[in-house]
$ cat run.tsv   # TSV, C-alpha atoms
chain	number	residue	atom	x	y	z
A	1	MET	CA	0.00	0.00	0.00
A	2	SER	CA	2.88	2.34	-0.75
A	3	LEU	CA	2.34	5.86	-2.05
A	4	THR	CA	2.40	6.32	-5.82
A	5	PRO	CA	3.74	9.57	-7.31
A	6	LYS	CA	0.11	10.52	-7.99
A	7	ASP	CA	-0.86	9.91	-4.35
A	8	LYS	CA	2.02	12.12	-3.19
A	9	ALA	CA	1.05	14.88	-5.60
A	10	THR	CA	-2.58	14.74	-4.42
A	11	VAL	CA	-1.57	14.92	-0.75
A	12	LYS	CA	0.78	17.87	-1.41
A	13	LEU	CA	-1.97	19.68	-3.30
A	14	PHE	CA	-4.49	19.33	-0.47
A	15	TRP	CA	-1.88	20.15	2.14
A	16	GLY	CA	-1.12	23.35	0.28
A	17	ARG	CA	-4.77	24.34	0.58
A	18	MET	CA	-5.04	23.28	4.23
A	19	SER	CA	-1.83	24.59	5.78
A	20	GLY	CA	-3.27	28.06	6.27
A	21	LYS	CA	-6.06	26.63	8.43
A	22	ALA	CA	-3.97	23.92	10.06
A	23	GLU	CA	-4.76	25.04	13.59
A	24	LEU	CA	-8.52	25.03	12.97
A	25	ILE	CA	-8.44	21.70	11.17
A	26	GLY	CA	-6.31	20.06	13.84
A	27	ALA	CA	-8.50	21.32	16.66
A	28	ASP	CA	-11.67	20.23	14.82
A	29	ALA	CA	-10.33	16.74	14.03
A	30	LEU	CA	-9.03	16.26	17.56
A	31	SER	CA	-12.33	17.47	19.10
A	32	ARG	CA	-14.29	15.08	16.94
A	33	MET	CA	-12.02	12.15	17.81
A	34	LEU	CA	-12.29	12.83	21.56
A	35	ALA	CA	-16.09	13.03	21.32
A	36	VAL	CA	-16.74	10.10	18.98
A	37	TYR	CA	-14.15	7.78	20.58
A	38	PRO	CA	-14.17	8.64	24.31
A	39	GLN	CA	-11.47	6.06	25.02
A	40	THR	CA	-8.99	8.46	23.38
A	41	LYS	CA	-9.58	10.90	26.25
A	42	THR	CA	-7.54	8.61	28.48
A	43	TYR	CA	-4.36	10.06	26.98
A	44	PHE	CA	-5.28	13.57	28.02
A	45	SER	CA	-6.30	13.22	31.66
A	46	HIS	CA	-3.75	15.93	32.49
A	47	TRP	CA	-5.66	18.56	30.48
A	48	LYS	CA	-7.94	21.03	32.20
A	49	SER	CA	-10.65	20.70	29.62
A	50	LEU	CA	-11.30	18.32	26.72
A	51	SER	CA	-14.19	20.23	25.22
A	52	PRO	CA	-13.99	21.36	21.57
A	53	GLY	CA	-13.07	25.01	22.12
A	54	SER	CA	-10.60	24.50	24.94
A	55	PRO	CA	-7.06	25.97	24.75
A	56	ASP	CA	-5.46	22.55	25.33
A	57	VAL	CA	-7.38	20.99	22.44
A	58	LYS	CA	-6.61	23.92	20.12
A	59	LYS	CA	-2.92	23.89	20.99
A	60	HIS	CA	-2.56	20.15	20.57
A	61	GLY	CA	-4.53	20.17	17.34
A	62	LYS	CA	-1.98	22.64	16.01
A	63	THR	CA	0.94	20.51	17.22
A	64	ILE	CA	-0.46	17.45	15.47
A	65	MET	CA	-1.08	19.29	12.20
A	66	MET	CA	2.44	20.72	12.24
A	67	GLY	CA	3.72	17.18	12.63
A	68	ILE	CA	1.61	16.08	9.67
A	69	GLY	CA	2.82	19.05	7.64
A	70	ASP	CA	6.37	18.01	8.39
A	71	ALA	CA	5.55	14.47	7.29
A	72	VAL	CA	4.24	15.82	3.97
A	73	THR	CA	7.72	17.23	3.25
A	74	LYS	CA	9.30	13.89	4.13
A	75	MET	CA	6.91	11.67	2.19
A	76	ASP	CA	9.72	9.96	0.29
A	77	ASP	CA	11.17	8.47	3.45
A	78	LEU	CA	8.66	8.71	6.27
A	79	GLU	CA	10.41	6.14	8.42
A	80	ARG	CA	13.65	8.10	8.54
A	81	GLY	CA	11.96	11.49	8.54
A	82	LEU	CA	9.74	10.68	11.51
A	83	LEU	CA	12.35	8.83	13.57
A	84	THR	CA	12.32	11.30	16.46
A	85	LEU	CA	8.53	11.47	16.54
A	86	SER	CA	8.36	7.71	16.44
A	87	GLU	CA	10.69	7.43	19.41
A	88	LEU	CA	8.59	9.98	21.27
A	89	HIS	CA	5.39	7.99	20.66
A	90	ALA	CA	7.07	4.67	21.42
A	91	PHE	CA	8.96	5.43	24.61
A	92	LYS	CA	7.28	8.45	26.11
A	93	LEU	CA	3.70	8.81	24.89
A	94	ARG	CA	3.04	5.11	24.26
A	95	VAL	CA	-0.17	5.79	22.39
A	96	ASP	CA	-1.80	2.52	21.32
A	97	PRO	CA	-1.34	2.53	17.52
A	98	THR	CA	-5.04	1.74	16.92
A	99	ASN	CA	-5.75	5.32	17.88
A	100	PHE	CA	-3.87	6.70	14.87
A	101	LYS	CA	-6.65	5.27	12.70
A	102	LEU	CA	-9.29	7.01	14.79
A	103	LEU	CA	-7.64	10.41	14.39
A	104	SER	CA	-7.06	9.75	10.68
A	105	LEU	CA	-10.77	9.14	10.12
A	106	ASN	CA	-11.60	12.44	11.76
A	107	ILE	CA	-9.03	14.30	9.64
A	108	LEU	CA	-10.77	12.80	6.60
A	109	VAL	CA	-14.19	13.93	7.92
A	110	VAL	CA	-12.92	17.49	8.40
A	111	MET	CA	-11.45	17.45	4.88
A	112	ALA	CA	-14.81	16.24	3.49
A	113	ILE	CA	-16.55	19.14	5.24
A	114	MET	CA	-13.98	21.67	3.98
A	115	PHE	CA	-13.71	20.39	0.42
A	116	PRO	CA	-17.04	18.69	-0.37
A	117	ASP	CA	-16.48	18.78	-4.14
A	118	ASP	CA	-12.70	18.29	-4.28
A	119	PHE	CA	-12.43	15.51	-1.73
A	120	THR	CA	-13.28	12.92	-4.37
A	121	PRO	CA	-12.95	9.17	-3.76
A	122	MET	CA	-9.50	9.25	-5.42
A	123	ALA	CA	-8.37	12.13	-3.21
A	124	HIS	CA	-9.75	10.28	-0.17
A	125	LEU	CA	-7.77	7.21	-1.21
A	126	ALA	CA	-4.50	9.15	-1.53
A	127	VAL	CA	-4.88	10.96	1.79
A	128	ASP	CA	-5.97	7.78	3.59
A	129	LYS	CA	-2.92	5.93	2.22
A	130	PHE	CA	-0.67	8.78	3.36
A	131	LEU	CA	-2.15	8.84	6.87
A	132	CYS	CA	-1.79	5.04	7.09
A	133	ALA	CA	1.87	5.30	6.00
A	134	LEU	CA	2.38	8.07	8.54
A	135	ALA	CA	0.82	5.96	11.31
A	136	LEU	CA	3.06	3.06	10.35
A	137	ALA	CA	6.18	5.24	10.50
A	138	LEU	CA	5.04	6.64	13.87
A	139	SER	CA	4.72	3.16	15.34
A	140	GLU	CA	8.01	1.98	13.80
A	141	LYS	CA	9.95	2.15	17.07
A	142	TYR	CA	7.25	0.59	19.26
A	143	ARG	CA	8.84	-2.86	19.37
B	1	MET	CA	-29.89	-2.67	25.06
B	2	VAL	CA	-28.54	0.57	23.64
B	3	GLU	CA	-29.71	3.76	25.33
B	4	TRP	CA	-30.56	6.71	23.10
B	5	THR	CA	-31.08	10.25	24.33
B	6	ASP	CA	-33.89	12.33	22.82
B	7	SER	CA	-31.25	14.47	21.17
B	8	GLU	CA	-29.58	11.47	19.52
B	9	ARG	CA	-32.92	10.19	18.23
B	10	ALA	CA	-33.74	13.62	16.83
B	11	ILE	CA	-30.35	13.91	15.10
B	12	ILE	CA	-30.59	10.46	13.49
B	13	ASN	CA	-34.18	11.03	12.36
B	14	SER	CA	-33.26	14.40	10.94
B	15	ILE	CA	-30.38	13.00	8.91
B	16	PHE	CA	-32.59	10.30	7.40
B	17	SER	CA	-35.52	12.60	6.68
B	18	ASN	CA	-33.22	14.81	4.58
B	19	LEU	CA	-31.38	11.94	2.95
B	20	ASP	CA	-31.18	11.44	-0.82
B	21	TYR	CA	-30.90	7.64	-0.68
B	22	GLU	CA	-29.82	7.27	-4.28
B	23	GLU	CA	-27.13	9.94	-4.15
B	24	ILE	CA	-25.68	9.04	-0.76
B	25	GLY	CA	-26.04	5.27	-1.26
B	26	ARG	CA	-24.26	5.34	-4.60
B	27	LYS	CA	-21.51	7.70	-3.41
B	28	SER	CA	-20.84	5.71	-0.23
B	29	LEU	CA	-20.58	2.30	-1.85
B	30	CYS	CA	-18.45	3.67	-4.73
B	31	ARG	CA	-16.15	5.40	-2.26
B	32	CYS	CA	-15.76	2.17	-0.28
B	33	LEU	CA	-14.88	0.17	-3.42
B	34	ILE	CA	-12.36	2.82	-4.51
B	35	VAL	CA	-10.72	3.64	-1.17
B	36	TYR	CA	-10.66	0.02	0.02
B	37	PRO	CA	-10.31	-1.92	-3.25
B	38	TRP	CA	-10.24	-5.31	-1.55
B	39	THR	CA	-13.95	-4.84	-0.83
B	40	GLN	CA	-14.51	-5.41	-4.56
B	41	ARG	CA	-14.11	-9.11	-3.86
B	42	TYR	CA	-17.80	-9.26	-2.97
B	43	PHE	CA	-18.97	-7.67	-6.21
B	44	GLY	CA	-17.76	-10.12	-8.83
B	45	GLY	CA	-21.16	-10.20	-10.54
B	46	PHE	CA	-21.61	-6.44	-10.67
B	47	GLY	CA	-20.01	-5.71	-14.01
B	48	ASN	CA	-17.12	-3.36	-14.69
B	49	LEU	CA	-15.14	-2.26	-11.61
B	50	TYR	CA	-11.93	-1.64	-13.52
B	51	ASN	CA	-11.13	1.81	-12.14
B	52	ALA	CA	-12.66	4.69	-10.18
B	53	GLU	CA	-14.40	6.14	-13.24
B	54	THR	CA	-16.10	2.87	-14.20
B	55	ILE	CA	-17.09	2.20	-10.59
B	56	LEU	CA	-18.66	5.67	-10.33
B	57	CYS	CA	-20.66	5.07	-13.54
B	58	ASN	CA	-21.69	1.50	-12.75
B	59	PRO	CA	-25.51	1.31	-12.52
B	60	LEU	CA	-25.50	-2.01	-10.64
B	61	ILE	CA	-23.29	-0.53	-7.94
B	62	ALA	CA	-25.48	2.57	-7.78
B	63	ALA	CA	-28.59	0.42	-7.31
B	64	HIS	CA	-26.90	-1.64	-4.64
B	65	GLY	CA	-25.79	1.46	-2.77
B	66	THR	CA	-29.42	2.63	-2.65
B	67	LYS	CA	-30.49	-0.82	-1.43
B	68	ILE	CA	-27.91	-0.80	1.38
B	69	LEU	CA	-29.00	2.64	2.54
B	70	HIS	CA	-32.67	1.62	2.60
B	71	GLY	CA	-31.51	-1.32	4.69
B	72	LEU	CA	-30.59	1.23	7.35
B	73	ASP	CA	-34.27	2.27	7.52
B	74	ARG	CA	-34.92	-0.88	9.52
B	75	ALA	CA	-32.49	0.26	12.20
B	76	LEU	CA	-34.01	3.73	12.19
B	77	LYS	CA	-37.52	2.34	12.77
B	78	ASN	CA	-36.31	-0.05	15.49
B	79	MET	CA	-33.62	1.91	17.28
B	80	ASP	CA	-34.37	0.21	20.57
B	81	ASP	CA	-33.73	-3.28	19.23
B	82	ILE	CA	-31.30	-3.04	16.34
B	83	LYS	CA	-29.60	-6.29	17.35
B	84	ASN	CA	-32.67	-8.44	16.78
B	85	THR	CA	-33.86	-6.37	13.82
B	86	TYR	CA	-30.70	-7.35	11.96
B	87	ALA	CA	-30.40	-10.96	13.16
B	88	GLU	CA	-31.59	-12.38	9.85
B	89	LEU	CA	-29.47	-9.96	7.77
B	90	SER	CA	-26.46	-10.84	9.90
B	91	LEU	CA	-26.93	-14.55	9.17
B	92	LEU	CA	-27.33	-13.75	5.49
B	93	HIS	CA	-24.03	-11.83	5.40
B	94	SER	CA	-22.31	-14.61	7.33
B	95	ASP	CA	-23.67	-17.80	5.83
B	96	LYS	CA	-24.65	-16.83	2.30
B	97	LEU	CA	-22.64	-13.74	1.33
B	98	HIS	CA	-19.54	-14.63	3.41
B	99	VAL	CA	-18.67	-11.00	4.05
B	100	ASP	CA	-15.85	-10.30	6.52
B	101	PRO	CA	-17.62	-8.13	9.15
B	102	ASP	CA	-14.72	-5.66	9.18
B	103	ASN	CA	-16.07	-4.47	5.85
B	104	PHE	CA	-19.19	-3.12	7.56
B	105	ARG	CA	-16.92	-0.72	9.44
B	106	LEU	CA	-15.18	0.35	6.23
B	107	LEU	CA	-18.49	1.10	4.52
B	108	ALA	CA	-19.72	2.91	7.64
B	109	ASP	CA	-16.62	5.15	7.58
B	110	CYS	CA	-17.19	5.97	3.90
B	111	LEU	CA	-20.85	6.74	4.62
B	112	THR	CA	-19.74	9.11	7.39
B	113	VAL	CA	-17.34	10.94	5.03
B	114	VAL	CA	-20.05	11.26	2.33
B	115	ILE	CA	-22.63	12.56	4.82
B	116	ALA	CA	-20.02	15.01	6.20
B	117	ALA	CA	-19.37	16.33	2.69
B	118	LYS	CA	-23.12	16.67	2.07
B	119	MET	CA	-23.97	18.39	5.35
B	120	GLY	CA	-20.84	20.54	5.60
B	121	PRO	CA	-20.57	22.56	8.83
B	122	ALA	CA	-24.04	21.26	9.83
B	123	PHE	CA	-22.26	17.98	10.53
B	124	THR	CA	-21.31	19.23	13.97
B	125	VAL	CA	-19.38	17.28	16.60
B	126	ASP	CA	-22.66	16.31	18.32
B	127	THR	CA	-24.17	15.22	15.02
B	128	GLN	CA	-21.11	13.11	14.22
B	129	VAL	CA	-21.16	11.50	17.68
B	130	ALA	CA	-24.82	10.47	17.29
B	131	TRP	CA	-24.34	9.36	13.69
B	132	GLN	CA	-21.28	7.21	14.40
B	133	LYS	CA	-22.94	5.73	17.49
B	134	PHE	CA	-25.90	4.72	15.30
B	135	LEU	CA	-23.61	3.19	12.67
B	136	SER	CA	-21.51	1.35	15.25
B	137	VAL	CA	-24.66	-0.27	16.68
B	138	VAL	CA	-25.70	-1.29	13.15
B	139	VAL	CA	-22.22	-2.65	12.38
B	140	SER	CA	-22.16	-4.59	15.63
B	141	ALA	CA	-25.64	-6.06	14.98
B	142	LEU	CA	-24.69	-7.11	11.46
B	143	GLY	CA	-21.70	-9.03	12.79
B	144	ARG	CA	-23.55	-10.46	15.79
B	145	GLN	CA	-24.80	-13.74	14.30
B	146	TYR	CA	-21.52	-14.83	12.74
B	147	HIS	CA	-20.50	-18.24	13.96

$ encode --input "run.tsv" --output "structure tokens"
Amino acid sequence: MSLTPKDKATVKLFWGRMSGKAELIGADALSRMLAVYPQTKTYFSHWKSLSPGSPDVKKHGKTIMMGIGDAVTKMDDLERGLLTLSELHAFKLRVDPTNFKLLSLNILVVMAIMFPDDFTPMAHLAVDKFLCALALALSEKYR
Amino acid sequence: MVEWTDSERAIINSIFSNLDYEEIGRKSLCRCLIVYPWTQRYFGGFGNLYNAETILCNPLIAAHGTKILHGLDRALKNMDDIKNTYAELSLLHSDKLHVDPDNFRLLADCLTVVIAAKMGPAFTVDTQVAWQKFLSVVVSALGRQYH
């Protein structure tokens, strides 16, 4: 399920249109994930508030999207490019990798809302493949 | 038994009362077959599935998408007993159609994306929570009778 040149081009194109609203998108996707999959809240018990508009959610949404933006520039070698982030998730955060899929789905939902006409099935396929590859690279150092 | 708040019931009923079954059914099934191509294994008799364009133009797939979506009407009308409502359908998918139940989740995710695109900002967090809860109960019921 590796990324074709066309997949990479599609992802870069969408990222170009999204990067200006990265903070909003990240916060929205994260809020949706926390609400739809309450088990994901267990990783954020140290936050004051987990509600959609909260400062912690907004800030972390931005952090995540910046990480994804970075991954977009390193698409040709995600494993090497995301080494530090992978080590962080493996040894410090220890997020169960199943959760990457849950966040990915919500990123796709937000993209569908933002780009109802452009987020075609082929675009969905490319972005989904990219997010899967990203999740795989992030869990590379887990064991 | 699944507990539904009045708000959740209202949200689900509202989504269905505004639903274009043909448009959303077709788009959801096509999206599933394109984004998760292995799901095409169950559609050998449905004509040309060669690429995204042919899938999107395939009338048999379009008709089947509509059929699937109308199948959700049963859950809507029996929200307090979706498990038993779908017992027979679950057996059908298990014993006759031999569908891996994980595929129900894949189709549900595609349906969510299509509904999100259709509703836009009206697909709020609360709406999504209710909608995905409804779909997860349906998905669970459809896989319940596998043995």

$ residues_around --input "run.tsv" --residues "range 88-94 of chain B" --least-positions-apart "2" --cutoff "8 Å" --atoms "all atoms listed in the file" --output "ChimeraX atom specification"
/B:85-86,96-100,141-147

$ residues_around --input "run.tsv" --residues "range 1-6 of chain A" --least-positions-apart "6" --cutoff "12 Å" --atoms "only C-alpha atoms" --output "list in words"
Lys12, Leu13, Val72, Met75, Asp76, Asp77, Leu78, Met122, Ala123, Leu125, Ala126, Val127, Asp128, Lys129, Phe130, Leu131, Cys132, Ala133, Leu134 and Leu136 of chain A; Val35, Tyr36, Pro37 and Trp38 of chain B

$ residues_around --input "run.tsv" --residues "range 106-116 of chain A" --least-positions-apart "2" --cutoff "8 Å" --atoms "all atoms listed in the file" --output "PDB file with C-alpha atoms, in the frame of the given file"
ATOM      1  CA  ILE A  25      -8.440  21.700  11.170  1.00  0.00           C
ATOM      2  CA  GLY A  26      -6.310  20.060  13.840  1.00  0.00           C
ATOM      3  CA  ASP A  28     -11.670  20.230  14.820  1.00  0.00           C
ATOM      4  CA  ALA A  29     -10.330  16.740  14.030  1.00  0.00           C
ATOM      5  CA  LEU A  30      -9.030  16.260  17.560  1.00  0.00           C
ATOM      6  CA  ARG A  32     -14.290  15.080  16.940  1.00  0.00           C
ATOM      7  CA  MET A  33     -12.020  12.150  17.810  1.00  0.00           C
ATOM      8  CA  LEU A 102      -9.290   7.010  14.790  1.00  0.00           C
ATOM      9  CA  LEU A 103      -7.640  10.410  14.390  1.00  0.00           C
ATOM     10  CA  SER A 104      -7.060   9.750  10.680  1.00  0.00           C
ATOM     11  CA  ASP A 118     -12.700  18.290  -4.280  1.00  0.00           C
ATOM     12  CA  PHE A 119     -12.430  15.510  -1.730  1.00  0.00           C
ATOM     13  CA  THR A 120     -13.280  12.920  -4.370  1.00  0.00           C
ATOM     14  CA  HIS A 124      -9.750  10.280  -0.170  1.00  0.00           C
ATOM     15  CA  VAL A 127      -4.880  10.960   1.790  1.00  0.00           C
ATOM     16  CA  ASP A 128      -5.970   7.780   3.590  1.00  0.00           C
TER      17      ASP A 128
ATOM     18  CA  THR B 112     -19.740   9.110   7.390  1.00  0.00           C
ATOM     19  CA  VAL B 113     -17.340  10.940   5.030  1.00  0.00           C
ATOM     20  CA  VAL B 114     -20.050  11.260   2.330  1.00  0.00           C
ATOM     21  CA  ALA B 116     -20.020  15.010   6.200  1.00  0.00           C
ATOM     22  CA  ALA B 117     -19.370  16.330   2.690  1.00  0.00           C
ATOM     23  CA  LYS B 118     -23.120  16.670   2.070  1.00  0.00           C
ATOM     24  CA  MET B 119     -23.970  18.390   5.350  1.00  0.00           C
ATOM     25  CA  GLY B 120     -20.840  20.540   5.600  1.00  0.00           C
ATOM     26  CA  PRO B 121     -20.570  22.560   8.830  1.00  0.00           C
ATOM     27  CA  PHE B 123     -22.260  17.980  10.530  1.00  0.00           C
TER      28      PHE B 123
END

$ atom_distance --input "run.tsv" --atom1 "CA of Leu83 in chain A" --atom2 "CA of Pro55 in chain A"
28.2 Å

$ atom_distance --input "run.tsv" --atom1 "CA of Ile64 in chain A" --atom2 "CA of Ala122 in chain B"
24.5 Å

$ atom_distance --input "run.tsv" --atom1 "CA of Ile115 in chain B" --atom2 "CA of Thr127 in chain B"
10.7 Å

$ closest_residue --input "run.tsv" --among "A:Ser51, A:Thr98, A:Thr40, A:Ser139" --to "chain B" --atoms "all atoms listed in the file"
A:Ser51

$ closest_residue --input "run.tsv" --among "A:Pro52, A:Glu79, A:Lys41, A:Pro97" --to "chain B" --atoms "all atoms listed in the file"
A:Pro52

$ axis_aligned_box --input "run.tsv" --around "range 52-69 of chain A" --padding-each-side "5 Å" --output "AutoDock Vina command-line options"
--center_x -5.1 --center_y 21.0 --center_z 16.5 --size_x 27.7 --size_y 19.9 --size_z 27.7

$ closest_residue --input "run.tsv" --among "B:Glu22, B:Asp102, B:Glu53, B:Glu8" --to "chain A" --atoms "all atoms listed in the file"
B:Glu53

$ closest_residue --input "run.tsv" --among "A:Gly20, A:Gly69, A:Gly53, A:Gly61" --to "chain B" --atoms "all atoms listed in the file"
A:Gly53

$ closest_residue --input "run.tsv" --among "B:Val138, B:Cys30, B:Ile15, B:Ala87" --to "chain A" --atoms "only C-alpha atoms"
B:Cys30

$ residues_near_point --input "run.tsv" --point "(13.4, 2.2, 17.4)" --cutoff "12 Å" --atoms "only C-alpha atoms" --output "JSON list (two decimals) with C-alpha atoms, in the frame of the given file"
[["chain", "number", "residue", "atom", "x", "y", "z"],
["A", 79, "GLU", "CA", 10.41, 6.14, 8.42],
["A", 80, "ARG", "CA", 13.65, 8.10, 8.54],
["A", 82, "LEU", "CA", 9.74, 10.68, 11.51],
["A", 83, "LEU", "CA", 12.35, 8.83, 13.57],
["A", 84, "THR", "CA", 12.32, 11.30, 16.46],
["A", 85, "LEU", "CA", 8.53, 11.47, 16.54],
["A", 86, "SER", "CA", 8.36, 7.71, 16.44],
["A", 87, "GLU", "CA", 10.69, 7.43, 19.41],
["A", 88, "LEU", "CA", 8.59, 9.98, 21.27],
["A", 89, "HIS", "CA", 5.39, 7.99, 20.66],
["A", 90, "ALA", "CA", 7.07, 4.67, 21.42],
["A", 91, "PHE", "CA", 8.96, 5.43, 24.61],
["A", 137, "ALA", "CA", 6.18, 5.24, 10.50],
["A", 138, "LEU", "CA", 5.04, 6.64, 13.87],
["A", 139, "SER", "CA", 4.72, 3.16, 15.34],
["A", 140, "GLU", "CA", 8.01, 1.98, 13.80],
["A", 141, "LYS", "CA", 9.95, 2.15, 17.07],
["A", 142, "TYR", "CA", 7.25, 0.59, 19.26],
["A", 143, "ARG", "CA", 8.84, -2.86, 19.37]]

$ closest_residue --input "run.tsv" --among "A:Asn99, A:Asp70, A:Asp117, A:Lys59" --to "Pro38 in chain A" --atoms "only C-alpha atoms"
A:Asn99

$ decode --input "run.tsv" --residues "range 42-62 of chain A" --atoms "N, CA and C atoms" --output "compact mmCIF listing (two decimals), in the first residue's frame"
# COMPACT_ATOMS: atom_id res chain seq x y z
N THR A 42 -8.41 9.14 27.42
CA THR A 42 -7.54 8.61 28.48
C THR A 42 -6.11 9.12 28.36
N TYR A 43 -5.72 9.56 27.16
CA TYR A 43 -4.36 10.06 26.98
C TYR A 43 -4.20 11.50 27.41
N PHE A 44 -5.33 12.14 27.75
CA PHE A 44 -5.28 13.57 28.02
C PHE A 44 -5.87 13.92 29.39
N SER A 45 -5.71 13.00 30.33
CA SER A 45 -6.30 13.22 31.66
C SER A 45 -5.64 14.40 32.36
N HIS A 46 -4.46 14.82 31.86
CA HIS A 46 -3.75 15.93 32.49
C HIS A 46 -4.23 17.29 31.98
N TRP A 47 -5.15 17.30 31.00
CA TRP A 47 -5.66 18.56 30.48
C TRP A 47 -6.77 19.09 31.37
N LYS A 48 -6.88 20.41 31.40
CA LYS A 48 -7.94 21.03 32.20
C LYS A 48 -9.32 20.75 31.58
N SER A 49 -9.37 20.90 30.29
CA SER A 49 -10.65 20.70 29.62
C SER A 49 -10.46 20.00 28.29
N LEU A 50 -11.39 19.07 27.97
CA LEU A 50 -11.30 18.32 26.72
C LEU A 50 -12.40 18.74 25.75
N SER A 51 -13.08 19.83 26.08
CA SER A 51 -14.19 20.23 25.22
C SER A 51 -13.66 20.93 23.96
N PRO A 52 -14.44 20.89 22.88
CA PRO A 52 -13.99 21.36 21.57
C PRO A 52 -13.26 22.71 21.55
N GLY A 53 -13.73 23.72 22.27
CA GLY A 53 -13.07 25.01 22.12
C GLY A 53 -11.89 25.24 23.04
N SER A 54 -11.56 24.24 23.86
CA SER A 54 -10.60 24.50 24.94
C SER A 54 -9.18 24.79 24.43
N PRO A 55 -8.42 25.59 25.17
CA PRO A 55 -7.06 25.97 24.75
C PRO A 55 -6.15 24.76 24.55
N ASP A 56 -6.30 23.74 25.45
CA ASP A 56 -5.46 22.55 25.33
C ASP A 56 -5.72 21.82 24.02
N VAL A 57 -7.01 21.69 23.68
CA VAL A 57 -7.38 20.99 22.44
C VAL A 57 -6.87 21.76 21.22
N LYS A 58 -7.06 23.09 21.26
CA LYS A 58 -6.61 23.92 20.12
C LYS A 58 -5.10 23.80 19.93
N LYS A 59 -4.39 23.90 21.05
CA LYS A 59 -2.92 23.89 20.99
C LYS A 59 -2.43 22.54 20.46
N HIS A 60 -3.03 21.46 20.99
CA HIS A 60 -2.56 20.15 20.57
C HIS A 60 -2.95 19.83 19.14
N GLY A 61 -4.11 20.33 18.73
CA GLY A 61 -4.53 20.17 17.34
C GLY A 61 -3.51 20.79 16.41
N LYS A 62 -2.99 21.95 16.81
CA LYS A 62 -1.98 22.64 16.01
C LYS A 62 -0.68 21.83 15.98
